[in-house]
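Asker: This is the content of run_14.cif (mmCIF, C-alpha atoms):
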```
data_my_file
#
loop_
_atom_site.group_PDB
_atom_site.id
_atom_site.type_symbol
_atom_site.label_atom_id
_atom_site.label_comp_id
_atom_site.auth_asym_id
_atom_site.auth_seq_id
_atom_site.Cartn_x
_atom_site.Cartn_y
_atom_site.Cartn_z
ATOM 1 C CA MET R 1 -90.647 48.177 130.150
ATOM 2 C CA ASP R 2 -94.379 47.787 129.694
ATOM 3 C CA SER R 3 -96.195 45.134 127.700
ATOM 4 C CA ARG R 4 -97.922 46.225 124.520
ATOM 5 C CA VAL R 5 -101.295 44.906 125.692
ATOM 6 C CA ASN R 6 -102.464 44.233 129.235
ATOM 7 C CA TYR R 7 -102.728 40.577 128.243
ATOM 8 C CA PHE R 8 -103.488 39.389 131.775
ATOM 9 C CA GLY R 9 -106.287 41.947 132.092
ATOM 10 C CA ASN R 10 -107.838 41.565 128.629
ATOM 11 C CA ALA R 11 -111.071 39.527 128.464
ATOM 12 C CA LEU R 12 -110.372 37.934 125.071
ATOM 13 C CA ALA R 13 -106.782 37.112 126.022
ATOM 14 C CA GLY R 14 -108.077 35.654 129.273
ATOM 15 C CA LYS R 15 -110.265 33.206 127.330
ATOM 16 C CA VAL R 16 -107.313 32.145 125.190
ATOM 17 C CA MET R 17 -105.095 31.704 128.254
ATOM 18 C CA ARG R 18 -107.725 29.580 130.033
ATOM 19 C CA HIS R 19 -107.663 27.143 127.108
ATOM 20 C CA LEU R 20 -103.854 27.074 126.983
ATOM 21 C CA ASN R 21 -103.737 26.634 130.756
ATOM 22 C CA SER R 22 -106.217 23.749 130.562
ATOM 23 C CA ALA R 23 -104.075 22.008 127.954
ATOM 24 C CA ASN R 24 -100.983 22.665 130.061
ATOM 25 C CA LYS R 25 -102.700 21.086 133.085
ATOM 26 C CA VAL R 26 -103.274 17.867 131.123
ATOM 27 C CA VAL R 27 -99.568 17.698 130.287
ATOM 28 C CA ALA R 28 -98.545 18.591 133.856
ATOM 29 C CA GLU R 29 -100.607 15.655 135.130
ATOM 30 C CA SER R 30 -99.087 13.206 132.622
ATOM 31 C CA THR R 31 -96.389 10.657 133.409
ATOM 32 C CA LEU R 32 -93.726 12.783 131.695
ATOM 33 C CA PRO R 33 -91.384 13.549 134.616
ATOM 34 C CA VAL R 34 -91.870 17.007 136.117
ATOM 35 C CA ALA R 35 -88.120 17.728 135.981
ATOM 36 C CA THR R 36 -88.123 16.924 132.264
ATOM 37 C CA GLN R 37 -91.144 19.154 131.705
ATOM 38 C CA GLU R 38 -89.465 22.112 133.385
ATOM 39 C CA LEU R 39 -86.148 21.603 131.566
ATOM 40 C CA VAL R 40 -87.988 21.493 128.230
ATOM 41 C CA LYS R 41 -89.971 24.647 129.051
ATOM 42 C CA VAL R 42 -86.803 26.489 130.052
ATOM 43 C CA ARG R 43 -84.926 25.428 126.900
ATOM 44 C CA ALA R 44 -87.739 26.315 124.495
ATOM 45 C CA SER R 45 -88.208 29.666 126.241
ATOM 46 C CA GLN R 46 -84.478 30.404 125.972
ATOM 47 C CA ILE R 47 -84.478 29.601 122.260
ATOM 48 C CA ASN R 48 -87.523 31.803 121.679
ATOM 49 C CA GLY R 49 -86.053 34.676 123.680
ATOM 50 C CA CYS R 50 -88.998 34.694 126.071
ATOM 51 C CA GLY R 51 -87.728 36.323 129.242
ATOM 52 C CA PHE R 52 -91.086 36.032 130.985
ATOM 53 C CA CYS R 53 -91.324 32.245 130.507
ATOM 54 C CA THR R 54 -87.605 31.667 131.140
ATOM 55 C CA ASP R 55 -87.924 33.479 134.470
ATOM 56 C CA MET R 56 -91.143 31.654 135.339
ATOM 57 C CA HIS R 57 -89.941 28.149 134.556
ATOM 58 C CA ILE R 58 -86.563 28.539 136.203
ATOM 59 C CA LYS R 59 -88.313 29.706 139.375
ATOM 60 C CA ASP R 60 -90.920 26.922 139.128
ATOM 61 C CA ALA R 61 -88.148 24.361 138.611
ATOM 62 C CA VAL R 62 -86.266 25.603 141.692
ATOM 63 C CA ALA R 63 -89.496 25.487 143.708
ATOM 64 C CA ALA R 64 -89.973 21.872 142.535
ATOM 65 C CA GLY R 65 -86.480 20.969 143.775
ATOM 66 C CA GLU R 66 -84.359 21.424 140.655
ATOM 67 C CA THR R 67 -80.729 22.416 141.244
ATOM 68 C CA GLN R 68 -79.328 25.748 140.164
ATOM 69 C CA GLN R 69 -76.370 23.975 138.535
ATOM 70 C CA ARG R 70 -78.616 22.032 136.150
ATOM 71 C CA LEU R 71 -80.657 25.132 135.347
ATOM 72 C CA ASN R 72 -77.480 27.098 134.640
ATOM 73 C CA LEU R 73 -76.464 24.410 132.137
ATOM 74 C CA VAL R 74 -79.750 23.947 130.234
ATOM 75 C CA ALA R 75 -78.601 26.179 127.359
ATOM 76 C CA VAL R 76 -75.440 24.071 126.964
ATOM 77 C CA TRP R 77 -76.933 20.673 127.793
ATOM 78 C CA ARG R 78 -74.855 18.849 125.165
ATOM 79 C CA GLU R 79 -71.624 19.642 127.038
ATOM 80 C CA ALA R 80 -73.037 19.208 130.551
ATOM 81 C CA LYS R 81 -72.708 15.970 132.520
ATOM 82 C CA VAL R 82 -75.657 16.687 134.807
ATOM 83 C CA PHE R 83 -78.513 15.479 132.578
ATOM 84 C CA THR R 84 -79.760 11.930 132.139
ATOM 85 C CA ASP R 85 -79.929 10.337 128.699
ATOM 86 C CA ALA R 86 -83.727 10.679 128.825
ATOM 87 C CA GLU R 87 -83.474 14.397 129.636
ATOM 88 C CA ARG R 88 -80.961 14.840 126.812
ATOM 89 C CA ALA R 89 -83.384 13.180 124.395
ATOM 90 C CA ALA R 90 -86.191 15.473 125.574
ATOM 91 C CA LEU R 91 -83.982 18.572 125.298
ATOM 92 C CA GLU R 92 -82.996 17.574 121.772
ATOM 93 C CA ILE R 93 -86.665 17.174 120.805
ATOM 94 C CA ALA R 94 -87.334 20.547 122.472
ATOM 95 C CA GLU R 95 -84.678 22.257 120.374
ATOM 96 C CA GLN R 96 -85.672 20.608 117.102
ATOM 97 C CA GLY R 97 -89.395 21.112 117.764
ATOM 98 C CA THR R 98 -88.917 24.759 118.706
ATOM 99 C CA ARG R 99 -86.661 25.479 115.730
ATOM 100 C CA ILE R 100 -89.017 23.719 113.334
ATOM 101 C CA ALA R 101 -88.844 26.551 110.784
ATOM 102 C CA ASP R 102 -85.049 26.275 110.660
ATOM 103 C CA ALA R 103 -85.032 22.677 109.460
ATOM 104 C CA ALA R 104 -87.288 21.587 106.632
ATOM 105 C CA GLY R 105 -88.969 18.356 107.627
ATOM 106 C CA GLY R 106 -89.190 19.117 111.352
ATOM 107 C CA VAL R 107 -87.712 16.767 113.937
ATOM 108 C CA PRO R 108 -85.280 14.308 112.285
ATOM 109 C CA ASP R 109 -85.975 10.585 112.575
ATOM 110 C CA ASP R 110 -82.783 9.902 114.542
ATOM 111 C CA VAL R 111 -83.754 12.504 117.154
ATOM 112 C CA TRP R 112 -87.208 10.959 117.440
ATOM 113 C CA ALA R 113 -85.744 7.445 117.680
ATOM 114 C CA ARG R 114 -83.579 8.490 120.645
ATOM 115 C CA ALA R 115 -86.625 9.844 122.461
ATOM 116 C CA THR R 116 -88.567 6.607 121.913
ATOM 117 C CA LYS R 117 -85.880 4.749 123.880
ATOM 118 C CA TYR R 118 -86.793 6.639 127.043
ATOM 119 C CA PHE R 119 -90.432 7.646 126.752
ATOM 120 C CA ASP R 120 -93.600 5.656 126.141
ATOM 121 C CA GLU R 121 -96.312 6.788 123.727
ATOM 122 C CA ASP R 122 -98.236 8.799 126.344
ATOM 123 C CA GLN R 123 -95.051 10.541 127.457
ATOM 124 C CA LEU R 124 -94.140 11.299 123.842
ATOM 125 C CA ALA R 125 -97.623 12.728 123.278
ATOM 126 C CA ALA R 126 -97.144 14.834 126.417
ATOM 127 C CA LEU R 127 -93.734 16.006 125.171
ATOM 128 C CA ILE R 128 -95.136 17.023 121.780
ATOM 129 C CA SER R 129 -98.059 18.793 123.460
ATOM 130 C CA LEU R 130 -95.778 20.508 125.972
ATOM 131 C CA LEU R 131 -93.650 21.906 123.153
ATOM 132 C CA ALA R 132 -96.689 23.183 121.283
ATOM 133 C CA ILE R 133 -98.027 24.835 124.445
ATOM 134 C CA ILE R 134 -94.776 26.441 125.628
ATOM 135 C CA ASN R 135 -94.073 27.722 122.131
ATOM 136 C CA ALA R 136 -97.544 29.311 122.096
ATOM 137 C CA TYR R 137 -96.948 30.948 125.486
ATOM 138 C CA ASN R 138 -93.512 32.131 124.307
ATOM 139 C CA ARG R 139 -94.903 33.684 121.175
ATOM 140 C CA ILE R 140 -97.653 35.510 123.048
ATOM 141 C CA ASN R 141 -95.163 36.943 125.526
ATOM 142 C CA VAL R 142 -92.472 37.845 122.968
ATOM 143 C CA ILE R 143 -94.922 39.536 120.594
ATOM 144 C CA ASN R 144 -96.479 41.371 123.545
ATOM 145 C CA GLN R 145 -93.067 42.268 125.025
ATOM 146 C CA GLN R 146 -94.196 40.918 128.394
ATOM 147 C CA PRO R 147 -91.672 42.098 131.007
ATOM 148 C CA ALA R 148 -89.761 39.457 132.952
ATOM 149 C CA GLY R 149 -88.569 39.200 136.525
ATOM 150 C CA ASP R 150 -91.624 39.652 138.717
ATOM 151 C CA TYR R 151 -92.938 36.078 138.603
ATOM 152 C CA GLU R 152 -93.312 34.217 141.881
ATOM 153 C CA PRO R 153 -93.985 30.454 141.902
ATOM 154 C CA GLY R 154 -97.692 29.714 142.216
ATOM 155 C CA MET R 155 -98.870 33.227 141.388
ATOM 156 C CA PHE R 156 -101.072 31.932 138.559
ATOM 157 C CA GLY R 157 -102.784 29.235 140.574
#
```
How does this structure look as structure tokens?
Answerer:
Amino acid sequence: MDSRVNYFGNALAGKVMRHLNSANKVVAESTLPVATQELVKVRASQINGCGFCTDMHIKDAVAAGETQQRLNLVAVWREAKVFTDAERAALEIAEQGTRIADAAGGVPDDVWARATKYFDEDQLAALISLLAIINAYNRINVINQQPAGDYEPGMFG
């Protein structure tokens, strides 16, 4: 399988990716826990059917010390006992925020209220930003049919 466009070799795409990567760096350096960030990126990527990002973020999560058991259960987090209440709140926001077109009105107030129990305003801003960024990456890769499987942690810097 080949991508439709050599997105990583295209000058215009490179400019777009530098801006997305800069925004992602701000979120990565926030106080939103790294484990939560990776779980959210994996879940959004699964929902969007982005093999490239799912592969990348599972590998990055493992490299950061995440367990394979938890990663295996991200797609079924509601039934899994391995996630904290804070991670569950973040995963619920991730699902609602990623499926925004499926539910008129966006993220329901009760979902948001649960997240506010565990995250401060900066962390909530990071969570919102993270979802916007990962959904953008997902859409680029899905539209471009970017092949998955070759990612190695740290290969992009």
Asker: What lies within 9 Å of R:Ala115 using only C-alpha atoms, ignoring chain neighbours under 4 positions off, as an MDAnalysis selection string?
Answerer: chainID R and resid 86 88:90 92:93 110:111 119:120 124
Asker: For this structure, which residues satisfy the selection - the PyMOL selection byres ((chain R and resi 51-58) around 9) - when it is evaluated on the file as given? I want them as a ChimeraX atom specification.
Answerer: /R:38-39,41-46,48-50,59-63,66,68,71,134,137-138,141-142,145-153
Asker: Rank nothing, just name the residue among R:Ala11, R:Ala103, R:Val27, R:Val76 nearest to R:Leu130, using all atoms listed in the file.
Answerer: R:Val27
Asker: So that I can check the surroundings of R:Leu20, please list as a list in words every protein, DNA and RNA residue that reaches within 10 Å of it, counting only C-alpha atoms and ignoring chain neighbours fewer than 2 positions away.
Answerer: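 Contacts, with the query itself left out: Gly14, Lys15, Val16, Met17, Arg18, Ser22, Ala23, Asn24, Lys25, Ala132, Ile133, Ile134, Ala136 and Tyr137 of chain R.
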Asker: Please report the interatomic distance between atom CA of R:Asn72 and atom CA of R:Gln96 in Å with one decimal.
Answerer: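 Going from atom CA of R:Asn72 over to atom CA of R:Gln96, I get 20.4 Å.
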Asker: Which residues, written as an MDAnalysis selection string, have at least one atom at most 8 Å from R:Leu131, with only C-alpha atoms counted and residues fewer than 4 positions away on the same chain left out?
Answerer: chainID R and resid 40:41 44 94 97:98 127 135
Asker: Just C-alpha atoms for this one: save the residues we selected as a short mmCIF file (atom, residue, chain, number, x, y, z; two decimals), in the coordinates of the input.
Answerer:
```cif
data_model
loop_
_atom_site.label_atom_id
_atom_site.label_comp_id
_atom_site.auth_asym_id
_atom_site.auth_seq_id
_atom_site.Cartn_x
_atom_site.Cartn_y
_atom_site.Cartn_z
CA VAL R 40 -87.99 21.49 128.23
CA LYS R 41 -89.97 24.65 129.05
CA ALA R 44 -87.74 26.32 124.50
CA ALA R 94 -87.33 20.55 122.47
CA GLY R 97 -89.40 21.11 117.76
CA THR R 98 -88.92 24.76 118.71
CA LEU R 127 -93.73 16.01 125.17
CA ASN R 135 -94.07 27.72 122.13
#
```
Asker: From the set R:Val5, R:Ile143, R:Val74, R:Ile128, which residue has the shortest atom-to-atom contact distance to R:Leu32, counting all atoms listed in the file?
Answerer: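 Result for the nearest residue to R:Leu32: R:Ile128.
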Asker: Could you state the separation of atom CA of R:Ile100 and atom CA of R:Arg114 in Å, given to one decimal place?
Answerer: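 Taking atom CA of R:Ile100 as the start and atom CA of R:Arg114 as the end point, the length is 17.7 Å.
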Asker: Calculated over only C-alpha atoms, which of the candidates R:Ser129, R:Arg139, R:Phe83, R:Ile47 has the smallest distance to R:Gln69?
Answerer: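 Closest residue, counting only C-alpha atoms: R:Phe83.
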Asker: Which value, in Å to one decimal, gives the distance between atom CA of R:Asn144 and atom CA of R:Ser3?
Answerer: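 Answer for the atom CA of R:Asn144 to atom CA of R:Ser3 separation: 5.6 Å.
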